[in-house]
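Structure, as structure tokens:
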Amino acid sequence: MRVAVFSTKPYDRKFLDEANQRLIDAGGPRAGHEIGYFESRLTVESVALAFGIPAVCVFVNDEIDPLVLSMLSGGETKLVALRCAGFNNTNVAEAARLGITIARVPAYSPHAVAEHTIGLMLALNRKLHRAHARVREGNFALEGLLGFDLHGKTVGVIGTGRIGAIVAQILTGFGCRVLLNDVQHNPALASTGAEYVELDSLLAESDVITLHCPLTPETNHLISRETLAKTKPGVMLINTSRGGLVDTTAAVDALKSGQLGFLGLDVYEEESDLFFRDLSDQVIQDDVFSRLLTFPNVLITGHQAFFTAEAMTAIADTTLANLTAFQRGESLGANQVTVDMIR
Ligand code: NAD
């Protein structure tokens, strides 16, 4: 089927074209999809590009809000295929009202995100970002690079679904005491020695806290001035989930006071104006983000935790499989985002 793919970079095209070729190789030319690529995000300004095209394919910072959905509906678009797991950028209820189906890729490589999370933890602790810069300058002094053994430390994992569970398993392998918090318990973690506790206990006891729950109205600013006050002084916070989980202004103040000892982010509340682009020749207008960059104990990556070859292949294959199933009138199963998932 025809699909307009928004927010595309050369790497998106590569993996989607390869997945499309696999469909054609397996089922003939008609098994493939007719893919049109657009670099722009899907917003009210760009939605006209999809006019008359039955499916759009979008990513984490596209805006699938009521106005965009009504314009898509007017242009005969019937399917929004998210090439990600999170659907916080999509007004699912409005899509249902307009008869637009929302598909997603619920799992592609939870290992990719989990391993990046551990990477941020280790790099921040052992100050690898600073050490790398020093060694390149011929500075081999160790002052300021003192870390701590992760072994024996308490790590709190908030959200123990696919990604959080793998993070917890890796950390038990490191010899950490792992505390878990989730609205539902994951049986896969029962025999790991990790322990479910109330949020307040996790905040109070953890040396490192890592976030793996989705962004919902309930989890928005889960890390706030109030929750930061309940943590151990000097705690390490890692967020590879969604930016809105952390009140960034509160985090900046906690970094200034020392309450927050380390901050590792792969996501940021206002990332849609920054990430996935080369802005190195421009002045960054976001003062909160710019302030974050000044701290020696903050490490930020630009929403790259998912970005492994395995994950990109799985995202492309599942996205095109969602298009094929929709085109054939088949059930999308667990890949369909339904209204009951936002309640
Ligand atoms: P998942 O659905 O498997 O797990 C999420 C878990 O969070 C579930 O167990 C759920 O019960 C729990 N949860 C929901 N509300 C909660 C609350 N209020 N408190 C505590 N736990 C709560 O999702 P996943 O595949 O593990 O992904 C987790 C998140 O990671 C996604 O929602 C997405 O936002 C993010 N993500 C980021 C990247 C990246 O590149 N940085 C890539 C993929 C996913």
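Going by the structure tokens order, chains are called A, B, ..., each with residues numbered from 1, while ligands are numbered from 1 in the order shown.
Neighbours of Asp65 in chain A closer than or equal to 8 Å, with only C-alpha atoms counted and sequence neighbours fewer than 4 positions away skipped, come out as Leu69, Asn89, Thr90 and Asn91 of chain A.
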Which range 185-264 of chain A residues have any atom within 9 Å of an atom of range 110-123 of chain A, and for each, what is the nearest pair of atoms with distance in Å to one decimal, counting only C-alpha atoms, rows sorted by chain and number, as a Markdown table?
| residue | atom | partner | partner_atom | distance |
| --- | --- | --- | --- | --- |
| A:Val208 | CA | A:Met121 | CA | 8.3 |
| A:Thr210 | CA | A:Thr117 | CA | 8.0 |
| A:Met236 | CA | A:Met121 | CA | 8.0 |
| A:Leu237 | CA | A:Met121 | CA | 8.6 |
| A:Ile238 | CA | A:Met121 | CA | 7.1 |
| A:Asn239 | CA | A:Thr117 | CA | 7.8 |
| A:Thr240 | CA | A:Thr117 | CA | 6.4 |
| A:Ser241 | CA | A:Val113 | CA | 8.7 |
| A:Phe262 | CA | A:Met121 | CA | 8.9 |
| A:Leu263 | CA | A:Met121 | CA | 8.9 |
| A:Gly264 | CA | A:Leu120 | CA | 5.9 |
Contacts to ligand 1 at 6 Å cut-off (only C-alpha atoms and all ligand atoms) as a PyMOL selection string: chain A and resi 85-86+107+113+158-164+181-184+212-214+218-219+240-242+266+303-306
Next, dump the selected residues to file, keeping only N, CA, C and O atoms, as an mmCIF file, in the first residue's frame.
data_model
loop_
_atom_site.group_PDB
_atom_site.id
_atom_site.type_symbol
_atom_site.label_atom_id
_atom_site.label_comp_id
_atom_site.auth_asym_id
_atom_site.auth_seq_id
_atom_site.Cartn_x
_atom_site.Cartn_y
_atom_site.Cartn_z
ATOM 1 N N ALA A 85 7.699 2.204 20.025
ATOM 2 C CA ALA A 85 6.815 1.519 20.981
ATOM 3 C C ALA A 85 5.880 2.511 21.671
ATOM 4 O O ALA A 85 4.670 2.295 21.771
ATOM 5 N N GLY A 86 6.450 3.648 22.130
ATOM 6 C CA GLY A 86 5.664 4.645 22.862
ATOM 7 C C GLY A 86 4.657 5.325 21.949
ATOM 8 O O GLY A 86 4.937 5.555 20.763
ATOM 9 N N ALA A 107 7.717 -4.111 20.555
ATOM 10 C CA ALA A 107 9.036 -4.573 21.011
ATOM 11 C C ALA A 107 9.924 -4.764 19.791
ATOM 12 O O ALA A 107 9.509 -5.387 18.828
ATOM 13 N N VAL A 113 17.966 -0.741 24.226
ATOM 14 C CA VAL A 113 17.718 0.354 25.172
ATOM 15 C C VAL A 113 18.316 0.017 26.538
ATOM 16 O O VAL A 113 18.926 0.871 27.194
ATOM 17 N N ILE A 158 12.350 1.729 37.868
ATOM 18 C CA ILE A 158 10.924 2.105 37.848
ATOM 19 C C ILE A 158 10.365 1.762 36.475
ATOM 20 O O ILE A 158 10.778 2.322 35.467
ATOM 21 N N GLY A 159 9.424 0.796 36.460
ATOM 22 C CA GLY A 159 8.912 0.267 35.195
ATOM 23 C C GLY A 159 9.677 -0.993 34.865
ATOM 24 O O GLY A 159 10.871 -0.931 34.542
ATOM 25 N N THR A 160 9.004 -2.140 35.008
ATOM 26 C CA THR A 160 9.718 -3.417 34.847
ATOM 27 C C THR A 160 9.101 -4.249 33.722
ATOM 28 O O THR A 160 8.896 -5.443 33.851
ATOM 29 N N GLY A 161 8.790 -3.561 32.616
ATOM 30 C CA GLY A 161 8.308 -4.269 31.422
ATOM 31 C C GLY A 161 9.492 -4.852 30.672
ATOM 32 O O GLY A 161 10.471 -5.291 31.278
ATOM 33 N N ARG A 162 9.405 -4.811 29.340
ATOM 34 C CA ARG A 162 10.443 -5.452 28.524
ATOM 35 C C ARG A 162 11.836 -4.878 28.812
ATOM 36 O O ARG A 162 12.786 -5.625 29.052
ATOM 37 N N ILE A 163 11.970 -3.546 28.791
ATOM 38 C CA ILE A 163 13.302 -2.938 28.933
ATOM 39 C C ILE A 163 13.763 -2.962 30.399
ATOM 40 O O ILE A 163 14.883 -3.398 30.705
ATOM 41 N N GLY A 164 12.884 -2.530 31.303
ATOM 42 C CA GLY A 164 13.243 -2.489 32.722
ATOM 43 C C GLY A 164 13.669 -3.852 33.244
ATOM 44 O O GLY A 164 14.599 -3.954 34.059
ATOM 45 N N ASN A 181 9.898 -1.090 40.987
ATOM 46 C CA ASN A 181 8.592 -0.490 41.226
ATOM 47 C C ASN A 181 7.815 -0.502 39.921
ATOM 48 O O ASN A 181 8.343 -0.125 38.873
ATOM 49 N N ASP A 182 6.598 -0.973 39.995
ATOM 50 C CA ASP A 182 5.741 -1.032 38.803
ATOM 51 C C ASP A 182 4.311 -1.187 39.290
ATOM 52 O O ASP A 182 4.083 -1.661 40.412
ATOM 53 N N VAL A 183 3.363 -0.778 38.438
ATOM 54 C CA VAL A 183 1.960 -0.963 38.803
ATOM 55 C C VAL A 183 1.561 -2.436 38.650
ATOM 56 O O VAL A 183 0.549 -2.859 39.191
ATOM 57 N N GLN A 184 2.359 -3.196 37.888
ATOM 58 C CA GLN A 184 2.143 -4.652 37.864
ATOM 59 C C GLN A 184 3.483 -5.373 37.901
ATOM 60 O O GLN A 184 4.456 -4.913 37.313
ATOM 61 N N HIS A 212 11.957 3.330 33.384
ATOM 62 C CA HIS A 212 11.567 2.500 32.239
ATOM 63 C C HIS A 212 10.064 2.341 32.122
ATOM 64 O O HIS A 212 9.576 1.334 31.604
ATOM 65 N N CYS A 213 9.303 3.330 32.627
ATOM 66 C CA CYS A 213 7.850 3.282 32.474
ATOM 67 C C CYS A 213 7.453 4.220 31.332
ATOM 68 O O CYS A 213 8.222 5.103 30.947
ATOM 69 N N PRO A 214 6.264 4.033 30.764
ATOM 70 C CA PRO A 214 5.845 4.916 29.668
ATOM 71 C C PRO A 214 5.462 6.291 30.200
ATOM 72 O O PRO A 214 5.225 6.452 31.409
ATOM 73 N N GLU A 218 -0.251 10.021 34.351
ATOM 74 C CA GLU A 218 0.115 9.608 35.716
ATOM 75 C C GLU A 218 1.624 9.676 35.959
ATOM 76 O O GLU A 218 2.075 9.988 37.066
ATOM 77 N N THR A 219 2.413 9.393 34.936
ATOM 78 C CA THR A 219 3.873 9.364 35.129
ATOM 79 C C THR A 219 4.551 10.674 34.728
ATOM 80 O O THR A 219 5.761 10.806 34.903
ATOM 81 N N THR A 240 16.107 6.825 30.054
ATOM 82 C CA THR A 240 16.145 6.466 28.626
ATOM 83 C C THR A 240 14.726 6.183 28.142
ATOM 84 O O THR A 240 14.541 5.554 27.104
ATOM 85 N N SER A 241 13.722 6.653 28.902
ATOM 86 C CA SER A 241 12.346 6.293 28.568
ATOM 87 C C SER A 241 11.653 7.405 27.767
ATOM 88 O O SER A 241 11.612 7.340 26.539
ATOM 89 N N ARG A 242 11.140 8.404 28.446
ATOM 90 C CA ARG A 242 10.557 9.567 27.769
ATOM 91 C C ARG A 242 10.874 10.795 28.612
ATOM 92 O O ARG A 242 10.808 10.754 29.852
ATOM 93 N N ASP A 266 18.813 10.105 27.845
ATOM 94 C CA ASP A 266 18.750 9.857 26.396
ATOM 95 C C ASP A 266 17.526 10.551 25.813
ATOM 96 O O ASP A 266 17.342 10.556 24.604
ATOM 97 N N HIS A 303 18.494 10.689 22.127
ATOM 98 C CA HIS A 303 17.486 9.650 21.842
ATOM 99 C C HIS A 303 18.046 8.585 20.888
ATOM 100 O O HIS A 303 17.499 8.325 19.813
ATOM 101 N N GLN A 304 19.142 7.988 21.303
ATOM 102 C CA GLN A 304 19.794 6.986 20.461
ATOM 103 C C GLN A 304 19.785 5.590 21.084
ATOM 104 O O GLN A 304 20.371 4.662 20.527
ATOM 105 N N ALA A 305 19.096 5.438 22.238
ATOM 106 C CA ALA A 305 19.175 4.147 22.936
ATOM 107 C C ALA A 305 18.673 3.003 22.059
ATOM 108 O O ALA A 305 19.177 1.883 22.141
ATOM 109 N N PHE A 306 17.692 3.285 21.210
ATOM 110 C CA PHE A 306 17.123 2.227 20.350
ATOM 111 C C PHE A 306 18.027 1.901 19.172
ATOM 112 O O PHE A 306 17.794 0.923 18.470
#
Find the spatial neighbours of Glu195 in chain A, counting only C-alpha atoms, within a cut-off of 7 Å - ignore same-chain residues fewer than 5 positions away - and output them as an mmCIF file with N, CA and C atoms, in the first residue's frame.
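See selection-v4.cif below for the written result:
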data_model
loop_
_atom_site.group_PDB
_atom_site.id
_atom_site.type_symbol
_atom_site.label_atom_id
_atom_site.label_comp_id
_atom_site.auth_asym_id
_atom_site.auth_seq_id
_atom_site.Cartn_x
_atom_site.Cartn_y
_atom_site.Cartn_z
ATOM 1 N N VAL A 178 18.813 -4.923 43.628
ATOM 2 C CA VAL A 178 17.908 -4.265 42.684
ATOM 3 C C VAL A 178 16.512 -4.138 43.292
ATOM 4 N N LEU A 179 16.040 -2.899 43.379
ATOM 5 C CA LEU A 179 14.682 -2.624 43.848
ATOM 6 C C LEU A 179 13.818 -2.275 42.647
ATOM 7 N N LEU A 180 12.584 -2.777 42.655
ATOM 8 C CA LEU A 180 11.704 -2.609 41.495
ATOM 9 C C LEU A 180 10.440 -1.883 41.906
#
Residue nearest Arg126 in chain A - candidates A:Ser224, A:Asn297, A:Asn186, A:Gln259, atoms counted: only C-alpha atoms: A:Asn297
